[in-house]
Every structure is written in structure tokens, then in C-alpha cells.
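Data first, discussion second: the structure below is written as C-alpha cells.
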Amino acid sequence: MTAVPESTELDAGRAAQPRQLIVSVYGFYHRVEGGWLSVASLIDLLAALGVDEPAVRSSISRLKRRSILDAVRRDGTAGYELSDTALAILREGDERIFRRDRATLADGWLLAVFSVPETERHKRHVLRTQLARLGFGTASSGVWIAPAHLHQVTAEALTRLGLASYADLFRAEHLAFGNAQDKVREWWDLDQLDELYTAFLDEHAPVLDRWKRRRTVPGNEAFADYVRVLTGWRRMPYLDPGLPAELLPADWSGIRAAEVFFALHERLEAPAREYLLQVLSG
């Protein structure tokens with residue numbers, strides 16, 4: 001982004017911060033209706049998540065400084081909306097967050113080959129950071145690899161950041177040498193991914209079990225749990241870019257985590273949307 005690294009507030013950490021929850025609320029609202037939220041409405045919505053007014057106002061200020069939110073007054077009322085760049089990133093993120101299908105070996109691979117002059121080493125860091133954020137693994141220092149379905153979003157991201165002239169993108173298949181499953185473990189940190197997926201399951205699988213037992217769906221609770229699971233899941237499809245199941249360990253935690261996320265999404269999205277619109281309507 002112009003003033004925001006694309007891997008901070010727009011990617012959720014293990015313990016969600018108020019500013020990350022706010023970005024999730026804005027993203028959710030944009031899918032429902034889109035646009036501007038007053039400060040008062042945002043405070044009311046975040047109250048369902050246990051975030052108090054001072055924390056909301058402090059987080060809004062930080063998001064504004066980082067050019068994620070733009071301040072806009074409507075009819076004399078203070079409010080904010082997502083910046084154009086933040087919207088572009090969130091639209092890209094939606095394609096990944098709600099993608100159910102994993103890549104297959106038949107799809108092939110995407111190679112990003114880049115070279116950045118030493119005089120522009122800062123751009124090399126930005127390029128590597130962006131490729132990592134997109135879910136690329138490292139085959140070598142100047143050759144990064146990802147499932148082939150990421151070719152369009154990668155080209156768009158590198159163009160948006162002014163990095164396209166430093167890289168070439170190729171579609172490829174692994175011919176030799178070595179075992180492809182072993183190579184994937186070299187290119188991606190599967191142990192770290194497993195820890196993150198396991199933490200996601202520890203937090204959200206009990207939530208799904210609780211909702212399965214419930215006969216009523218209180219709107220404020222559905223909204224809070226939906227925003228939390230969205231925030232928790234948002235980071236995962238970037239760290240694991242849908243790697244082929246054939247190359248992953250047996251009983252891969254990521255597959256179970258995806259099942260929990262989509263089950264909660266299907267159960268909670270509609271009542272959470274109703275609660276959101278109810279709060280905004282006053």
C-alpha cells in the first residue's frame with residue numbers, strides 16, 4: 001500500500017487486536033452493503049466483541065494514519081470508509097478467504113524469478129515480503145514458487161506496487177529431482193502452518209460445537225463469533241496458498257481448519273448480517 005505494509009492490519013495475527021477486528025467489520029460490511037460507517041455505529045458494533053470505546057477510537061486513529069481508513073463526514077456525522085488501496089487488497093483477500101478448492105498436481109506451479117539491483121535493495125525486501133504474503137515458498141534466493149492459480153493475483157499485486165519490472169512469472173511443473181512432497185516441506189514451513197492451524201482449531205472448533213447445540217441464534221453473539229472467525233481465518237489462505245493435498249501430511253490440520261471455518265461461515269453469516277444491519281438502522 002502507499003503507506004501500509006500489506007501484511008499488518010490487513011492480516012490477522014494469532015490473537016486478534018481491535019484494529020484487526022475493525023478491518024474485518026469493514027470488510028464484512030462492504031460485502032453486505034459497502035461503504036461508510038459512522039464512528040458511533042462502529043463503537044456499537046465492536047461492543048458486541050468486547051472492545052470498549054477508547055480502544056475503538058485509538059484503533060481507528062492508527063488505521064487512519066496507516067492509510068487503511070479514510071475520514072469522511074456525512075450530514076455532519078464523523079465516520080470512516082476503507083481507502084481505495086485497502087479495498088483492493090480486501091477484494092483480493094476475499095477470493096482467497098472464501099476459496100474452498102485446493103490446487104492439484106495437475107494444475108502445475110507458478111515461478112516468480114526476480115532480480116533487483118543492489119542500489120534498490122529496499123525494493124528487493126518489498127518484493128520478497130509481497131511474495132511471502134501471497135503464499136509463495138522459497139525455491140532459491142531469486143526463485144519463488146506457488147500454485148499456478150495465483151498467477152493473476154500475483155501479477156496484479158506486483159503491478160500495483162511498481163515491482164513488475166523486476167520479476168518474471170512462469171508456469172511450470174516439477175520434473176526432477178527429488179520427491180515433490182519433500183520439496184514442499186523445504187519450500188514452505190509446514191510445521192509453523194500446522195501450529196497456526198491447530199491454534200485456529202483450538203479456538204474455533206469449540207465455537208462450532210456450541211452453535212451446533214443451540215436452538216436459537218442471538219444476533220449479537222452470531223456477529224461476534226463470525227467476525228472473530230473471519231479475523232482468525234484471514235491470515236491462513238496466505239500462509240498456505242492451497243497446496244495440493246497429495247503433497248501434504250496425512251490428516252493435515254489445514255483441511256480440518258477449513259471445514260470449521262466454512263461450517264461457521266454457513267451457520268453465522270446470515271444472522272451476523274442481520275445484526276449488522278439492525279445496529280446500523282438504529
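Every chain in the C-alpha cells takes a letter, A first, then B, and so on in the order presented; its residues are numbered from 1, and the ligands are numbered from 1 following the presented order.
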Per-residue nearest contacts segment 48-110 of chain A to segment 14-32 of chain A, cut-off 9 Å, using only C-alpha atoms, as JSON lines:
{"residue": "A:Leu49", "atom": "CA", "partner": "A:Leu21", "partner_atom": "CA", "distance": 8.5}
{"residue": "A:Val51", "atom": "CA", "partner": "A:Pro18", "partner_atom": "CA", "distance": 6.7}
{"residue": "A:Ala55", "atom": "CA", "partner": "A:Pro18", "partner_atom": "CA", "distance": 6.9}
{"residue": "A:Val56", "atom": "CA", "partner": "A:Pro18", "partner_atom": "CA", "distance": 6.7}
{"residue": "A:Ser58", "atom": "CA", "partner": "A:Arg19", "partner_atom": "CA", "distance": 8.6}
{"residue": "A:Ser59", "atom": "CA", "partner": "A:Arg19", "partner_atom": "CA", "distance": 5.0}
{"residue": "A:Ile60", "atom": "CA", "partner": "A:Arg19", "partner_atom": "CA", "distance": 7.0}
{"residue": "A:Arg62", "atom": "CA", "partner": "A:Arg19", "partner_atom": "CA", "distance": 7.9}
{"residue": "A:Leu63", "atom": "CA", "partner": "A:Arg19", "partner_atom": "CA", "distance": 7.1}
{"residue": "A:Ile68", "atom": "CA", "partner": "A:Val23", "partner_atom": "CA", "distance": 8.5}
{"residue": "A:Leu69", "atom": "CA", "partner": "A:Val23", "partner_atom": "CA", "distance": 8.9}
{"residue": "A:Glu81", "atom": "CA", "partner": "A:Tyr26", "partner_atom": "CA", "distance": 7.7}
{"residue": "A:Leu82", "atom": "CA", "partner": "A:Tyr26", "partner_atom": "CA", "distance": 7.2}
{"residue": "A:Leu87", "atom": "CA", "partner": "A:Gly27", "partner_atom": "CA", "distance": 8.1}
{"residue": "A:Leu90", "atom": "CA", "partner": "A:Gly27", "partner_atom": "CA", "distance": 6.8}
{"residue": "A:Arg91", "atom": "CA", "partner": "A:Gly27", "partner_atom": "CA", "distance": 8.7}
{"residue": "A:Asp94", "atom": "CA", "partner": "A:Gly27", "partner_atom": "CA", "distance": 8.9}
Practice problem: Compile the contact shell of Ala103 of chain A as number ranges by chain: residues with an atom at most 9 Å away, counting only C-alpha atoms, same-chain residues fewer than 2 positions apart removed. | Solution: A: 101, 105-108, 147-149, 241-245
What does the file look like for those residues with C-alpha atoms, as a short mmCIF file (atom, residue, chain, number, x, y, z; two decimals), in the first residue's frame?
data_model
loop_
_atom_site.label_atom_id
_atom_site.label_comp_id
_atom_site.auth_asym_id
_atom_site.auth_seq_id
_atom_site.Cartn_x
_atom_site.Cartn_y
_atom_site.Cartn_z
CA ASP A 101 -10.75 -25.77 -3.62
CA LEU A 105 -0.62 -31.53 -9.01
CA ALA A 106 -2.12 -31.34 -12.50
CA ASP A 107 -2.52 -27.57 -12.13
CA GLY A 108 1.24 -27.05 -12.11
CA PRO A 147 0.37 -23.00 -7.00
CA ALA A 148 -0.33 -21.88 -10.57
CA HIS A 149 -3.78 -20.46 -9.76
CA PRO A 241 -1.86 -20.93 -0.66
CA GLY A 242 -3.99 -24.02 -1.23
CA LEU A 243 -1.14 -26.50 -1.60
CA PRO A 244 -2.11 -29.81 -3.24
CA ALA A 245 -3.45 -32.28 -0.68
#
Self-check item: Backbone-only DSSP, alpha helix (DSSP H) members of segment 13-72 of chain A, as number ranges by chain
Solution: A: 18-32, 39-47, 53-65
Quiz prompt | Nearest to Leu201 of chain A by atom-to-atom distance, counting only C-alpha atoms, from A:Asn179, A:Thr154, A:Thr216, A:Ser253 | solution = A:Ser253
Quiz prompt | segment 208-213 of chain A surroundings by only C-alpha atoms, 7 Å radius, close-in-sequence under 2 positions cut, as a PyMOL selection string | solution = chain A and resi 204-206+215+260+264
From a DSSP calculation on the backbone, collect every residue of segment 66-236 of chain A in strand (DSSP E) and output the set as a tab-separated table (two decimals) with C-alpha atoms, in the first residue's frame.
chain	number	residue	atom	x	y	z
A	69	LEU	CA	-9.29	4.10	6.64
A	70	ASP	CA	-10.24	7.47	5.17
A	71	ALA	CA	-12.12	10.00	7.31
A	72	VAL	CA	-15.38	11.13	5.68
A	73	ARG	CA	-18.17	13.25	7.19
A	74	ARG	CA	-21.75	12.67	6.07
A	77	THR	CA	-21.55	12.97	11.21
A	78	ALA	CA	-17.98	11.72	11.64
A	79	GLY	CA	-17.19	8.41	10.05
A	80	TYR	CA	-14.74	6.39	8.03
A	81	GLU	CA	-14.55	4.19	4.96
A	82	LEU	CA	-11.90	1.87	3.62
A	109	TRP	CA	3.23	-24.33	-10.42
A	110	LEU	CA	3.87	-20.62	-10.72
A	111	LEU	CA	7.50	-19.49	-10.60
A	112	ALA	CA	8.42	-15.91	-9.77
A	113	VAL	CA	12.00	-15.20	-10.87
A	114	PHE	CA	13.31	-11.80	-9.89
A	137	GLY	CA	7.52	-20.67	-0.94
A	138	THR	CA	11.24	-20.13	-1.49
A	139	ALA	CA	12.87	-22.46	-4.01
A	140	SER	CA	16.07	-20.35	-4.03
A	143	VAL	CA	13.18	-18.10	-7.44
A	144	TRP	CA	9.90	-18.37	-5.52
A	145	ILE	CA	7.14	-20.90	-6.12
A	146	ALA	CA	3.36	-21.09	-5.62
A	147	PRO	CA	0.37	-23.00	-7.00
A	167	ALA	CA	10.22	-10.08	-11.94
A	168	ASP	CA	9.12	-12.66	-14.49
A	169	LEU	CA	6.34	-15.16	-13.92
A	170	PHE	CA	6.42	-18.69	-15.39
A	171	ARG	CA	4.04	-21.64	-15.32
A	172	ALA	CA	5.98	-24.84	-14.55
Exercise. Find the distance between atom CA of Arg99 of chain A and atom CA of Ala157 of chain A and write it in Å to one decimal.
Key: 18.4 Å
Quiz item: Quick one: residues within 12 Å of Glu53 of chain A, only C-alpha atoms counted, chain neighbours fewer than 5 positions away excluded, as a list of chain:residue names?
Solution: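 Those residues are A:Pro18, A:Val39, A:Ala40, A:Ser41, A:Leu42, A:Ile43, A:Asp44, A:Leu45, A:Leu46, A:Ala47, A:Ala48, A:Ser58, A:Ser59, A:Ile60.
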Based on the selection just made, write N, CA, C and O atoms of those residues as an mmCIF file, in the first residue's frame.
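Everything below was put into out03.cif:
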data_model
loop_
_atom_site.group_PDB
_atom_site.id
_atom_site.type_symbol
_atom_site.label_atom_id
_atom_site.label_comp_id
_atom_site.auth_asym_id
_atom_site.auth_seq_id
_atom_site.Cartn_x
_atom_site.Cartn_y
_atom_site.Cartn_z
ATOM 1 N N PRO A 18 -7.925 -5.116 18.354
ATOM 2 C CA PRO A 18 -9.104 -4.337 17.963
ATOM 3 C C PRO A 18 -9.039 -3.813 16.537
ATOM 4 O O PRO A 18 -10.028 -3.834 15.814
ATOM 5 N N VAL A 39 -18.596 6.683 13.310
ATOM 6 C CA VAL A 39 -17.822 6.272 14.482
ATOM 7 C C VAL A 39 -18.747 5.672 15.530
ATOM 8 O O VAL A 39 -18.434 4.646 16.158
ATOM 9 N N ALA A 40 -19.926 6.276 15.721
ATOM 10 C CA ALA A 40 -20.863 5.785 16.727
ATOM 11 C C ALA A 40 -21.316 4.356 16.401
ATOM 12 O O ALA A 40 -21.400 3.496 17.291
ATOM 13 N N SER A 41 -21.612 4.082 15.125
ATOM 14 C CA SER A 41 -22.037 2.739 14.733
ATOM 15 C C SER A 41 -20.907 1.729 14.946
ATOM 16 O O SER A 41 -21.141 0.610 15.403
ATOM 17 N N LEU A 42 -19.689 2.148 14.620
ATOM 18 C CA LEU A 42 -18.561 1.245 14.797
ATOM 19 C C LEU A 42 -18.358 0.906 16.271
ATOM 20 O O LEU A 42 -18.075 -0.240 16.626
ATOM 21 N N ILE A 43 -18.528 1.891 17.136
ATOM 22 C CA ILE A 43 -18.410 1.651 18.579
ATOM 23 C C ILE A 43 -19.476 0.667 19.036
ATOM 24 O O ILE A 43 -19.202 -0.264 19.810
ATOM 25 N N ASP A 44 -20.708 0.834 18.543
ATOM 26 C CA ASP A 44 -21.789 -0.090 18.907
ATOM 27 C C ASP A 44 -21.499 -1.509 18.429
ATOM 28 O O ASP A 44 -21.729 -2.485 19.149
ATOM 29 N N LEU A 45 -20.996 -1.647 17.207
ATOM 30 C CA LEU A 45 -20.710 -2.974 16.652
ATOM 31 C C LEU A 45 -19.575 -3.663 17.399
ATOM 32 O O LEU A 45 -19.645 -4.855 17.696
ATOM 33 N N LEU A 46 -18.529 -2.909 17.712
ATOM 34 C CA LEU A 46 -17.387 -3.506 18.398
ATOM 35 C C LEU A 46 -17.709 -3.845 19.838
ATOM 36 O O LEU A 46 -17.027 -4.687 20.447
ATOM 37 N N ALA A 47 -18.737 -3.225 20.413
ATOM 38 C CA ALA A 47 -19.145 -3.575 21.775
ATOM 39 C C ALA A 47 -19.550 -5.037 21.857
ATOM 40 O O ALA A 47 -19.331 -5.698 22.883
ATOM 41 N N ALA A 48 -20.140 -5.573 20.781
ATOM 42 C CA ALA A 48 -20.521 -6.988 20.762
ATOM 43 C C ALA A 48 -19.309 -7.904 20.828
ATOM 44 O O ALA A 48 -19.424 -9.075 21.213
ATOM 45 N N SER A 58 -8.864 4.613 19.460
ATOM 46 C CA SER A 58 -7.415 4.518 19.282
ATOM 47 C C SER A 58 -7.068 3.712 18.032
ATOM 48 O O SER A 58 -6.176 4.088 17.260
ATOM 49 N N SER A 59 -7.791 2.613 17.817
ATOM 50 C CA SER A 59 -7.520 1.764 16.659
ATOM 51 C C SER A 59 -7.880 2.464 15.359
ATOM 52 O O SER A 59 -7.171 2.344 14.356
ATOM 53 N N ILE A 60 -8.979 3.217 15.372
ATOM 54 C CA ILE A 60 -9.360 3.977 14.182
ATOM 55 C C ILE A 60 -8.267 4.969 13.817
ATOM 56 O O ILE A 60 -7.903 5.120 12.640
#
Self-check item: Which of A:Glu95, A:Glu33, A:Glu221, A:Asp84 sits closest to Tyr238 of chain A [using only C-alpha atoms]
Solution: A:Glu95
Quiz prompt | Nearest candidate to Val207 of chain A (options A:Tyr166, A:Trp252, A:Leu175, A:Phe261; using only C-alpha atoms) | solution =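 So, comparing all the options, the nearest one is A:Phe261.
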Practice problem: Determine the nearest neighbour of Gly50 of chain A from the options A:Leu280, A:Ile255, A:Ala224, A:Leu193, counting only C-alpha atoms. | Solution: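 The closest residue to Gly50 of chain A is A:Ala224.
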Quiz prompt | Computed interatomic separation between atom CA of Gly219 of chain A and atom CA of Arg96 of chain A (Å) | solution = 26.5 Å
